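These notes are about the structure you will find just below.
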Amino acid sequence: MKLLNTRWIAGTALILFALGCKGDKPFKPADAYFWVKPYIQLGNSTTIGERDTLEILWLAEEKNTDWSVEIKRYDSFDWQKLSAPTYQRVAVEGAAKHRVYHAVANDLPLGKTFDYRVFVGGKEVFAGTGQARKSAEMPFRMVVFGDCAADTTDQRAIAALVYRQKPDFYFITGDIVYSRGRASEYLSHYFPVYNAEKADSKIGAPLTRSILSVAAPGNHDILTTDVEKYPDAQAYFYYWSQPLNGISHGFGAKGTPVLKARKSKIAAFRRATGDNFPRMANFSFDYGNTHWLVLDSNPYVDPSSPKLRDWIERDLRNSKAEWKFVGYHHPGFQSSNAHQNDQWMRILAPLFEKHGVSLVFNGHVHNYQRSHPLKFVPQVSDNGKMRQSNGTVGGKFSLDTAFDGKTQTKLNGVMYIVTGAGGAKLYNPELNDAPDKWKPFTKSYVADTHSITVMDVDGKTLTLRQVAANGKELDRFTVTK
Ligand SMILES: [Fe+2]
């Protein structure tokens, strides 16, 4: 024990120095073994088979360690050893060298819990419980929120609120980590909050170790391309493990961002991200009877690109799921003054309508908004373009104002939901009680409190509630097929 303590103190001092010398908030490893304790990810699982496969990840110092993982599946009495964990080395400036470990938990009975434990040299150092994805026949609850890890008290209260909802999984609509999606920022105010030891509104909650989380990348996550100045930026690509079944719009290809840095720094960045960069920006997956299309909506994305549109169409057309949802960061339809011109994703609206998408979830605008179900036809203006140089996209709207979510519950069009009140400073609360200033397509607008979206899906019925940090219900409606 004494040896361990000495090692811990020495390791901590090194890490505090490595991260503290750039003026970042000091990072404290979770314990003597883990920088970040285990957390559950989707890995490359897309559709749901007879049994499920998930990944267990953790972060640890850069050194050879005899790690092993055992799981007890729901329908087994025995603990079974998983294949040896693999790892990616993160050796970039701005964070002390460390490893991201991956263990694949396979053959999981759908919708059932599994116990897992992690060992170092035969000694158990962590025990947790996860849950496989639910099958198409099983009802489930999920939470959606965005614009979250801003190192605020609101972020911590929201994490505890999410935990209290007991979701089967949750989805983050981007701007996961402020302000540049750096490894040092994940370590100081992402993992300690969402993988906290206990649920406490002032601390966070033990979400990621037991509940599957999936995220879309926002501007604060992957728009910092100056790897020379911020070598640990774009950590999204090394800390998340999400499907690589989407198209890559590339980095450095025509019209896409270019990583700015010396060759050695770019090489270090690419080693840390492995195959995830830049592919993991667009992907899709299933949960229960829902299909999720997750898109990168950053300003460099061209929603008119035939390559992108072909992939989106193929993905949505091929899905046999009851419900189709789309998640991306920048909302095309919203009523705040903030980011009002970031409308370029409107260009994809006709594709969503054509392929039966019900709900689109966005963040970026730090509040809650929902639209009437709508159809939108983007218009080419005099300059021959749909997307104007200021980011706006004009067009024709058809609003389904008959939908009330109580007696009239079928959507005639797509409903667009902004749920970006997960922790960062709220936008335009003054419009809360000024519906005359909302765009005609906006049905609800709540910007005076942080909040999350809680959605219960049961067969052909979906109930969505927007819940404030204090537990108050801000909005509620039902959608049926
Ligand atoms: Fe944003």
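Ordered as shown in the structure tokens, chains take letters A, B, and onward, while each chain numbers its residues from 1 and ligands are numbered from 1 in the order shown.
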Please, which residues of stretch 17-223 of chain A, numbered as in this document, come out strand (DSSP E) from DSSP, as a ChimeraX atom specification?
/A:36-41,51-61,67-72,80-81,86-90,98-109,113-120,123-131,140-145,169-172,195-200,204-206,212-215
So that I can check the surroundings of A:Asp310, please list as JSON, numbers by chain every protein, DNA and RNA residue that reaches within 12 Å of it, counting only C-alpha atoms and ignoring chain neighbours fewer than 6 positions away.
{"A": [246, 247, 303, 304, 316, 317, 318, 348, 351]}
Mind writing the picked residues with N, CA, C and O atoms as a PDB file, in the first residue's frame?
```pdb
ATOM      1  N   GLY A 246     -19.866   5.416 -41.636  1.00  0.00           N
ATOM      2  CA  GLY A 246     -20.301   6.586 -42.398  1.00  0.00           C
ATOM      3  C   GLY A 246     -19.307   6.955 -43.469  1.00  0.00           C
ATOM      4  O   GLY A 246     -18.281   6.291 -43.649  1.00  0.00           O
ATOM      5  N   ILE A 247     -19.623   8.044 -44.186  1.00  0.00           N
ATOM      6  CA  ILE A 247     -18.647   8.483 -45.169  1.00  0.00           C
ATOM      7  C   ILE A 247     -17.760   9.520 -44.512  1.00  0.00           C
ATOM      8  O   ILE A 247     -18.166  10.251 -43.622  1.00  0.00           O
ATOM      9  N   PRO A 303     -23.859  20.277 -47.473  1.00  0.00           N
ATOM     10  CA  PRO A 303     -25.051  19.412 -47.521  1.00  0.00           C
ATOM     11  C   PRO A 303     -25.585  19.208 -48.945  1.00  0.00           C
ATOM     12  O   PRO A 303     -26.511  18.435 -49.147  1.00  0.00           O
ATOM     13  N   SER A 304     -24.988  19.914 -49.922  1.00  0.00           N
ATOM     14  CA  SER A 304     -25.389  19.685 -51.320  1.00  0.00           C
ATOM     15  C   SER A 304     -24.515  18.621 -51.978  1.00  0.00           C
ATOM     16  O   SER A 304     -24.775  18.221 -53.112  1.00  0.00           O
ATOM     17  N   LEU A 316     -30.700   5.855 -44.788  1.00  0.00           N
ATOM     18  CA  LEU A 316     -32.094   5.957 -44.330  1.00  0.00           C
ATOM     19  C   LEU A 316     -32.990   4.965 -45.053  1.00  0.00           C
ATOM     20  O   LEU A 316     -33.888   4.362 -44.454  1.00  0.00           O
ATOM     21  N   ARG A 317     -32.747   4.773 -46.337  1.00  0.00           N
ATOM     22  CA  ARG A 317     -33.573   3.856 -47.127  1.00  0.00           C
ATOM     23  C   ARG A 317     -33.395   2.417 -46.645  1.00  0.00           C
ATOM     24  O   ARG A 317     -34.345   1.644 -46.580  1.00  0.00           O
ATOM     25  N   ASN A 318     -32.173   2.058 -46.316  1.00  0.00           N
ATOM     26  CA  ASN A 318     -31.888   0.672 -45.928  1.00  0.00           C
ATOM     27  C   ASN A 318     -32.420   0.305 -44.549  1.00  0.00           C
ATOM     28  O   ASN A 318     -32.531  -0.867 -44.220  1.00  0.00           O
ATOM     29  N   LEU A 348     -30.766  19.598 -46.184  1.00  0.00           N
ATOM     30  CA  LEU A 348     -31.024  18.152 -46.101  1.00  0.00           C
ATOM     31  C   LEU A 348     -32.475  17.824 -45.749  1.00  0.00           C
ATOM     32  O   LEU A 348     -32.875  16.654 -45.787  1.00  0.00           O
ATOM     33  N   LEU A 351     -34.547  15.365 -47.839  1.00  0.00           N
ATOM     34  CA  LEU A 351     -34.127  13.952 -47.737  1.00  0.00           C
ATOM     35  C   LEU A 351     -34.716  13.309 -46.479  1.00  0.00           C
ATOM     36  O   LEU A 351     -35.142  12.150 -46.495  1.00  0.00           O
TER      37      LEU A 351
END
```
Give me, as CSV, each residue of chain A that comes within 8 Å of ligand 1, together with its shortest interatomic pair and the distance in Å at one decimal, counting only C-alpha atoms and all ligand atoms, with rows ordered by chain and rising residue number.
```
residue,atom,partner,partner_atom_place_in_ligand_line,distance
A:Asp147,CA,ligand 1,1 (Fe),6.7
A:Gly174,CA,ligand 1,1 (Fe),6.9
A:Asp175,CA,ligand 1,1 (Fe),5.3
A:Gly218,CA,ligand 1,1 (Fe),5.5
A:Asn219,CA,ligand 1,1 (Fe),5.1
A:His220,CA,ligand 1,1 (Fe),6.1
A:His329,CA,ligand 1,1 (Fe),6.6
A:His330,CA,ligand 1,1 (Fe),6.8
A:Gly363,CA,ligand 1,1 (Fe),6.7
A:His364,CA,ligand 1,1 (Fe),3.6
A:Val365,CA,ligand 1,1 (Fe),6.8
```
So that I have them on file, write out the residues from the current selection with N, CA and C atoms, as a PDB file, in the first residue's frame.
```pdb
ATOM      1  N   ASP A 147     -24.207  20.544 -25.633  1.00  0.00           N
ATOM      2  CA  ASP A 147     -23.535  21.772 -25.192  1.00  0.00           C
ATOM      3  C   ASP A 147     -23.304  21.719 -23.690  1.00  0.00           C
ATOM      4  N   GLY A 174     -23.646  17.298 -29.421  1.00  0.00           N
ATOM      5  CA  GLY A 174     -22.441  18.030 -29.807  1.00  0.00           C
ATOM      6  C   GLY A 174     -22.083  19.158 -28.861  1.00  0.00           C
ATOM      7  N   ASP A 175     -20.896  19.731 -29.111  1.00  0.00           N
ATOM      8  CA  ASP A 175     -20.240  20.601 -28.127  1.00  0.00           C
ATOM      9  C   ASP A 175     -20.201  19.850 -26.795  1.00  0.00           C
ATOM     10  N   GLY A 218     -19.553  18.485 -32.293  1.00  0.00           N
ATOM     11  CA  GLY A 218     -19.937  19.879 -32.537  1.00  0.00           C
ATOM     12  C   GLY A 218     -18.738  20.717 -32.941  1.00  0.00           C
ATOM     13  N   ASN A 219     -18.963  22.002 -33.060  1.00  0.00           N
ATOM     14  CA  ASN A 219     -17.854  22.894 -33.446  1.00  0.00           C
ATOM     15  C   ASN A 219     -16.777  22.947 -32.374  1.00  0.00           C
ATOM     16  N   HIS A 220     -17.184  22.952 -31.105  1.00  0.00           N
ATOM     17  CA  HIS A 220     -16.160  23.004 -30.054  1.00  0.00           C
ATOM     18  C   HIS A 220     -15.379  21.699 -29.949  1.00  0.00           C
ATOM     19  N   HIS A 329     -25.261  18.750 -34.834  1.00  0.00           N
ATOM     20  CA  HIS A 329     -25.096  19.860 -33.902  1.00  0.00           C
ATOM     21  C   HIS A 329     -25.814  21.155 -34.297  1.00  0.00           C
ATOM     22  N   HIS A 330     -25.625  21.616 -35.533  1.00  0.00           N
ATOM     23  CA  HIS A 330     -26.106  22.952 -35.920  1.00  0.00           C
ATOM     24  C   HIS A 330     -27.561  22.914 -36.395  1.00  0.00           C
ATOM     25  N   GLY A 363     -28.137  20.710 -31.225  1.00  0.00           N
ATOM     26  CA  GLY A 363     -27.680  21.491 -30.075  1.00  0.00           C
ATOM     27  C   GLY A 363     -27.258  22.856 -30.576  1.00  0.00           C
ATOM     28  N   HIS A 364     -26.053  23.286 -30.186  1.00  0.00           N
ATOM     29  CA  HIS A 364     -25.414  24.518 -30.671  1.00  0.00           C
ATOM     30  C   HIS A 364     -26.061  25.776 -30.099  1.00  0.00           C
ATOM     31  N   VAL A 365     -27.380  25.805 -30.086  1.00  0.00           N
ATOM     32  CA  VAL A 365     -28.120  26.915 -29.503  1.00  0.00           C
ATOM     33  C   VAL A 365     -28.503  26.456 -28.095  1.00  0.00           C
TER      34      VAL A 365
END
```
Spatial neighbours of stretch 273-281 of chain A, max dist 9 Å, only C-alpha atoms, sep filter under 2 positions, as a compact mmCIF listing (two decimals) with all heavy atoms, in the first residue's frame:
```txt
# COMPACT_ATOMS: atom_id res chain seq x y z
N GLN A 88 -4.74 2.32 -27.75
CA GLN A 88 -4.15 3.34 -28.60
C GLN A 88 -3.33 4.23 -27.69
O GLN A 88 -3.73 4.53 -26.56
CB GLN A 88 -5.23 4.22 -29.22
CG GLN A 88 -5.92 3.63 -30.41
CD GLN A 88 -7.20 4.41 -30.68
OE1 GLN A 88 -8.28 3.89 -30.45
NE2 GLN A 88 -7.07 5.64 -31.13
N ARG A 89 -2.18 4.62 -28.22
CA ARG A 89 -1.28 5.47 -27.43
C ARG A 89 -1.58 6.94 -27.73
O ARG A 89 -1.63 7.32 -28.91
CB ARG A 89 0.14 5.15 -27.87
CG ARG A 89 1.12 5.18 -26.79
CD ARG A 89 2.51 4.78 -27.28
NE ARG A 89 2.96 3.59 -26.60
CZ ARG A 89 3.33 2.48 -27.19
NH1 ARG A 89 3.28 2.36 -28.49
NH2 ARG A 89 3.74 1.45 -26.48
N VAL A 90 -1.80 7.71 -26.70
CA VAL A 90 -1.97 9.15 -26.89
C VAL A 90 -0.68 9.82 -26.42
O VAL A 90 -0.41 9.88 -25.22
CB VAL A 90 -3.18 9.70 -26.11
CG1 VAL A 90 -3.31 11.21 -26.30
CG2 VAL A 90 -4.46 8.99 -26.55
N ALA A 216 -22.69 13.24 -31.18
CA ALA A 216 -22.36 13.88 -32.46
C ALA A 216 -21.29 14.93 -32.17
O ALA A 216 -21.33 15.58 -31.13
CB ALA A 216 -23.60 14.55 -33.04
N PRO A 217 -20.35 15.10 -33.09
CA PRO A 217 -19.32 16.12 -32.83
C PRO A 217 -19.83 17.53 -33.17
O PRO A 217 -20.47 17.73 -34.20
CB PRO A 217 -18.20 15.71 -33.80
CG PRO A 217 -18.90 15.02 -34.92
CD PRO A 217 -20.12 14.36 -34.34
N ILE A 222 -14.51 19.52 -32.76
CA ILE A 222 -13.58 19.13 -33.83
C ILE A 222 -13.25 20.25 -34.82
O ILE A 222 -12.66 20.00 -35.85
CB ILE A 222 -14.09 17.88 -34.60
CG1 ILE A 222 -15.40 18.17 -35.34
CG2 ILE A 222 -14.25 16.69 -33.69
CD1 ILE A 222 -15.79 17.03 -36.30
N GLN A 234 -9.27 17.96 -30.78
CA GLN A 234 -9.97 16.89 -31.50
C GLN A 234 -9.88 15.55 -30.76
O GLN A 234 -9.85 14.48 -31.37
CB GLN A 234 -9.45 16.74 -32.93
CG GLN A 234 -9.49 18.04 -33.71
CD GLN A 234 -10.01 17.88 -35.12
OE1 GLN A 234 -10.53 16.84 -35.49
NE2 GLN A 234 -9.89 18.94 -35.90
N ALA A 235 -9.85 15.61 -29.44
CA ALA A 235 -9.75 14.38 -28.64
C ALA A 235 -11.00 13.51 -28.80
O ALA A 235 -10.99 12.33 -28.43
CB ALA A 235 -9.52 14.71 -27.17
N TYR A 236 -12.06 14.08 -29.36
CA TYR A 236 -13.25 13.29 -29.73
C TYR A 236 -12.83 12.03 -30.46
O TYR A 236 -13.37 10.94 -30.23
CB TYR A 236 -14.16 14.14 -30.63
CG TYR A 236 -15.25 13.39 -31.36
CD1 TYR A 236 -16.43 13.02 -30.72
CD2 TYR A 236 -15.10 13.05 -32.71
CE1 TYR A 236 -17.43 12.35 -31.40
CE2 TYR A 236 -16.10 12.38 -33.39
CZ TYR A 236 -17.26 12.02 -32.73
OH TYR A 236 -18.25 11.35 -33.41
N PHE A 237 -11.84 12.18 -31.34
CA PHE A 237 -11.44 11.06 -32.19
C PHE A 237 -10.61 10.01 -31.44
O PHE A 237 -10.38 8.95 -31.97
CB PHE A 237 -10.67 11.56 -33.41
CG PHE A 237 -11.53 12.30 -34.40
CD1 PHE A 237 -11.45 13.67 -34.53
CD2 PHE A 237 -12.45 11.61 -35.19
CE1 PHE A 237 -12.25 14.36 -35.44
CE2 PHE A 237 -13.26 12.28 -36.10
CZ PHE A 237 -13.16 13.66 -36.22
N TYR A 238 -10.15 10.32 -30.22
CA TYR A 238 -9.51 9.21 -29.51
C TYR A 238 -10.22 8.73 -28.26
O TYR A 238 -9.99 7.62 -27.82
CB TYR A 238 -8.00 9.42 -29.25
CG TYR A 238 -7.40 10.75 -28.99
CD1 TYR A 238 -7.21 11.20 -27.69
CD2 TYR A 238 -6.93 11.54 -30.03
CE1 TYR A 238 -6.58 12.42 -27.44
CE2 TYR A 238 -6.30 12.75 -29.78
CZ TYR A 238 -6.14 13.20 -28.49
OH TYR A 238 -5.51 14.38 -28.25
N TYR A 239 -11.12 9.52 -27.71
CA TYR A 239 -11.81 9.06 -26.50
C TYR A 239 -13.18 8.42 -26.78
O TYR A 239 -13.71 7.73 -25.92
CB TYR A 239 -11.97 10.19 -25.51
CG TYR A 239 -10.67 10.68 -24.92
CD1 TYR A 239 -10.51 12.00 -24.51
CD2 TYR A 239 -9.59 9.82 -24.76
CE1 TYR A 239 -9.33 12.45 -23.97
CE2 TYR A 239 -8.39 10.27 -24.22
CZ TYR A 239 -8.27 11.58 -23.82
OH TYR A 239 -7.10 12.02 -23.28
N TRP A 240 -13.76 8.71 -27.95
CA TRP A 240 -15.04 8.07 -28.29
C TRP A 240 -14.76 6.89 -29.21
O TRP A 240 -13.84 6.94 -30.03
CB TRP A 240 -15.98 9.07 -28.98
CG TRP A 240 -16.49 10.10 -28.03
CD1 TRP A 240 -15.85 11.25 -27.64
CD2 TRP A 240 -17.72 10.09 -27.30
NE1 TRP A 240 -16.60 11.94 -26.73
CE2 TRP A 240 -17.77 11.24 -26.50
CE3 TRP A 240 -18.80 9.19 -27.25
CZ2 TRP A 240 -18.84 11.53 -25.66
CZ3 TRP A 240 -19.87 9.49 -26.42
CH2 TRP A 240 -19.88 10.64 -25.62
N SER A 241 -15.57 5.86 -29.06
CA SER A 241 -15.47 4.71 -29.96
C SER A 241 -16.87 4.48 -30.53
O SER A 241 -17.75 3.94 -29.85
CB SER A 241 -14.96 3.47 -29.20
OG SER A 241 -14.86 2.38 -30.09
N GLN A 242 -17.06 4.95 -31.76
CA GLN A 242 -18.38 4.91 -32.39
C GLN A 242 -18.23 4.30 -33.78
O GLN A 242 -17.11 4.22 -34.30
CB GLN A 242 -18.96 6.32 -32.43
CG GLN A 242 -18.85 7.01 -31.05
CD GLN A 242 -19.76 8.20 -30.84
OE1 GLN A 242 -20.70 8.11 -30.06
NE2 GLN A 242 -19.50 9.31 -31.49
N PRO A 243 -19.34 3.88 -34.39
CA PRO A 243 -19.22 3.15 -35.65
C PRO A 243 -18.47 3.93 -36.73
O PRO A 243 -18.56 5.16 -36.81
CB PRO A 243 -20.69 2.94 -36.05
CG PRO A 243 -21.43 2.93 -34.76
CD PRO A 243 -20.73 3.94 -33.90
N LEU A 244 -17.77 3.18 -37.57
CA LEU A 244 -17.05 3.79 -38.70
C LEU A 244 -17.76 3.40 -39.99
O LEU A 244 -17.13 3.04 -40.98
CB LEU A 244 -15.59 3.32 -38.70
CG LEU A 244 -14.78 3.68 -37.43
CD1 LEU A 244 -13.35 3.16 -37.54
CD2 LEU A 244 -14.80 5.17 -37.16
N ASN A 245 -19.09 3.45 -39.96
CA ASN A 245 -19.86 3.03 -41.13
C ASN A 245 -20.33 4.21 -41.98
O ASN A 245 -21.11 4.04 -42.90
CB ASN A 245 -21.08 2.20 -40.70
CG ASN A 245 -22.06 3.01 -39.85
OD1 ASN A 245 -21.69 4.04 -39.28
ND2 ASN A 245 -23.29 2.55 -39.76
N GLY A 246 -19.87 5.42 -41.64
CA GLY A 246 -20.30 6.59 -42.40
C GLY A 246 -19.31 6.95 -43.47
O GLY A 246 -18.28 6.29 -43.65
N ILE A 247 -19.62 8.04 -44.19
CA ILE A 247 -18.65 8.48 -45.17
C ILE A 247 -17.76 9.52 -44.51
O ILE A 247 -18.17 10.25 -43.62
CB ILE A 247 -19.29 9.08 -46.44
CG1 ILE A 247 -19.97 10.40 -46.12
CG2 ILE A 247 -20.20 8.10 -47.11
CD1 ILE A 247 -19.95 11.31 -47.31
N SER A 248 -16.55 9.57 -44.99
CA SER A 248 -15.64 10.59 -44.51
C SER A 248 -15.62 11.70 -45.53
O SER A 248 -15.38 11.47 -46.71
CB SER A 248 -14.25 9.98 -44.36
OG SER A 248 -13.32 11.02 -44.20
N HIS A 249 -15.90 12.93 -45.07
CA HIS A 249 -15.77 14.04 -46.01
C HIS A 249 -14.33 14.48 -46.09
O HIS A 249 -13.99 15.40 -46.80
CB HIS A 249 -16.70 15.19 -45.66
CG HIS A 249 -16.83 15.43 -44.20
ND1 HIS A 249 -15.80 15.86 -43.45
CD2 HIS A 249 -17.87 15.24 -43.37
CE1 HIS A 249 -16.20 15.95 -42.19
NE2 HIS A 249 -17.44 15.57 -42.12
N GLY A 250 -13.49 13.80 -45.33
CA GLY A 250 -12.06 14.04 -45.45
C GLY A 250 -11.59 15.30 -44.78
O GLY A 250 -12.36 16.22 -44.55
N PHE A 251 -10.36 15.32 -44.44
CA PHE A 251 -9.72 16.54 -43.97
C PHE A 251 -8.62 16.82 -44.97
O PHE A 251 -7.83 15.94 -45.27
CB PHE A 251 -9.15 16.37 -42.57
CG PHE A 251 -10.05 16.88 -41.49
CD1 PHE A 251 -11.34 16.39 -41.36
CD2 PHE A 251 -9.62 17.86 -40.62
CE1 PHE A 251 -12.18 16.86 -40.37
CE2 PHE A 251 -10.45 18.33 -39.62
CZ PHE A 251 -11.74 17.83 -39.49
N ALA A 268 1.67 12.49 -34.76
CA ALA A 268 1.33 12.10 -33.37
C ALA A 268 -0.18 12.11 -33.18
O ALA A 268 -0.75 11.21 -32.55
CB ALA A 268 1.99 13.06 -32.39
N PHE A 269 -0.84 13.11 -33.75
CA PHE A 269 -2.30 13.20 -33.66
C PHE A 269 -2.96 11.99 -34.33
O PHE A 269 -3.84 11.34 -33.77
CB PHE A 269 -2.77 14.51 -34.31
CG PHE A 269 -4.25 14.57 -34.53
CD1 PHE A 269 -5.12 14.78 -33.47
CD2 PHE A 269 -4.80 14.40 -35.80
CE1 PHE A 269 -6.49 14.83 -33.66
CE2 PHE A 269 -6.16 14.45 -35.99
CZ PHE A 269 -7.01 14.66 -34.93
N ARG A 270 -2.46 11.67 -35.52
CA ARG A 270 -3.06 10.55 -36.26
C ARG A 270 -2.83 9.21 -35.56
O ARG A 270 -3.69 8.33 -35.58
CB ARG A 270 -2.53 10.51 -37.69
CG ARG A 270 -3.17 11.59 -38.57
CD ARG A 270 -2.79 11.39 -40.03
NE ARG A 270 -3.55 12.25 -40.91
CZ ARG A 270 -4.76 11.99 -41.37
NH1 ARG A 270 -5.37 10.87 -41.02
NH2 ARG A 270 -5.37 12.81 -42.18
N ARG A 271 -1.68 9.07 -34.92
CA ARG A 271 -1.44 7.84 -34.16
C ARG A 271 -2.44 7.72 -33.01
O ARG A 271 -2.92 6.64 -32.70
CB ARG A 271 0.00 7.82 -33.62
CG ARG A 271 1.03 7.28 -34.62
CD ARG A 271 2.34 6.91 -33.92
NE ARG A 271 2.96 8.06 -33.30
CZ ARG A 271 3.77 8.92 -33.92
NH1 ARG A 271 4.09 8.71 -35.19
NH2 ARG A 271 4.29 9.95 -33.29
N PHE A 283 -21.96 8.73 -38.87
CA PHE A 283 -22.19 7.30 -38.68
C PHE A 283 -23.67 7.05 -38.40
O PHE A 283 -24.47 8.00 -38.30
CB PHE A 283 -21.32 6.74 -37.54
CG PHE A 283 -21.56 7.37 -36.19
CD1 PHE A 283 -22.42 6.79 -35.27
CD2 PHE A 283 -20.92 8.54 -35.82
CE1 PHE A 283 -22.65 7.35 -34.02
CE2 PHE A 283 -21.14 9.13 -34.56
CZ PHE A 283 -22.00 8.53 -33.68
N VAL A 294 -26.24 10.00 -37.54
CA VAL A 294 -25.47 11.04 -36.83
C VAL A 294 -24.55 11.73 -37.82
O VAL A 294 -23.78 11.07 -38.53
CB VAL A 294 -24.65 10.41 -35.67
CG1 VAL A 294 -23.87 11.50 -34.92
CG2 VAL A 294 -25.56 9.65 -34.72
N LEU A 295 -24.68 13.05 -37.90
CA LEU A 295 -23.94 13.80 -38.92
C LEU A 295 -23.05 14.87 -38.32
O LEU A 295 -23.40 15.49 -37.32
CB LEU A 295 -24.93 14.47 -39.88
CG LEU A 295 -25.89 13.55 -40.63
CD1 LEU A 295 -26.91 14.39 -41.40
CD2 LEU A 295 -25.13 12.64 -41.58
N ASP A 296 -21.93 15.09 -38.98
CA ASP A 296 -21.10 16.26 -38.70
C ASP A 296 -21.74 17.43 -39.44
O ASP A 296 -21.99 17.33 -40.66
CB ASP A 296 -19.68 15.98 -39.24
CG ASP A 296 -18.73 17.14 -38.99
OD1 ASP A 296 -19.14 18.14 -38.37
OD2 ASP A 296 -17.57 17.05 -39.44
```
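The shortest atom-to-atom distance to A:Leu187, with only C-alpha atoms taken into account, belongs to A:Asp151 out of A:Asp286, A:Asp151, A:Tyr368, A:Tyr445.
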Using only C-alpha atoms, which residues of stretch 356-382 of chain A come within 9 Å of stretch 401-407 of chain A, and what is the closest atom pair for each, with the distance in Å to one decimal? Give it as a Markdown table, sorted by chain and residue number.
```
| residue | atom | partner | partner_atom | distance |
| --- | --- | --- | --- | --- |
| A:His372 | CA | A:Thr401 | CA | 6.2 |
| A:Pro373 | CA | A:Phe403 | CA | 7.3 |
| A:Leu374 | CA | A:Thr401 | CA | 8.8 |
```
Leaving out A:Thr129 and any residue of its chain fewer than 2 positions from it, which residues lie within 9 Å of it when counting only C-alpha atoms, given as a ChimeraX atom specification?
/A:113-117,127,131,209-211
Env of stretch 54-68 of chain A: 9 Å cut, atoms = only C-alpha atoms, seq-sep filter 5 positions within chain, self excluded. Answer as a PyMOL selection string.
chain A and resi 11+29+33-45+81-85+89-91+96-106+108+117-122+132-133+209+212+239-241
Residue neighbourhood A:Asn289, 8 Å, only C-alpha atoms, exclusion window fewer than 4 positions, as a VMD selection string
chain A and resid 135 to 138 321 to 323 459
List as a count of residues only the protein and nucleic acid residues near A:Arg182, meaning an atom at most 10 Å away when only C-alpha atoms are counted, but skip any in the same chain fewer than 3 places from it.
20
Which of stretch 172-417 of chain A fall in helix (DSSP H, G or I), as a PyMOL selection string:
chain A and resi 183-189+191-194+219-222+236-239+263-273+276-279+306-318+344-354
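Going from atom CA of A:Thr153 to atom CA of A:Leu223 covers 25.2 Å.
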Find the residue from A:His339, A:His450, A:Lys229, A:Lys439 that sits nearest to A:Arg180; use only C-alpha atoms when measuring.
A:Lys229
Of the residues A:Asn383, A:Asn341, A:Ser358, A:Gln155, which is the one nearest to A:Ala205, using only C-alpha atoms?
A:Gln155
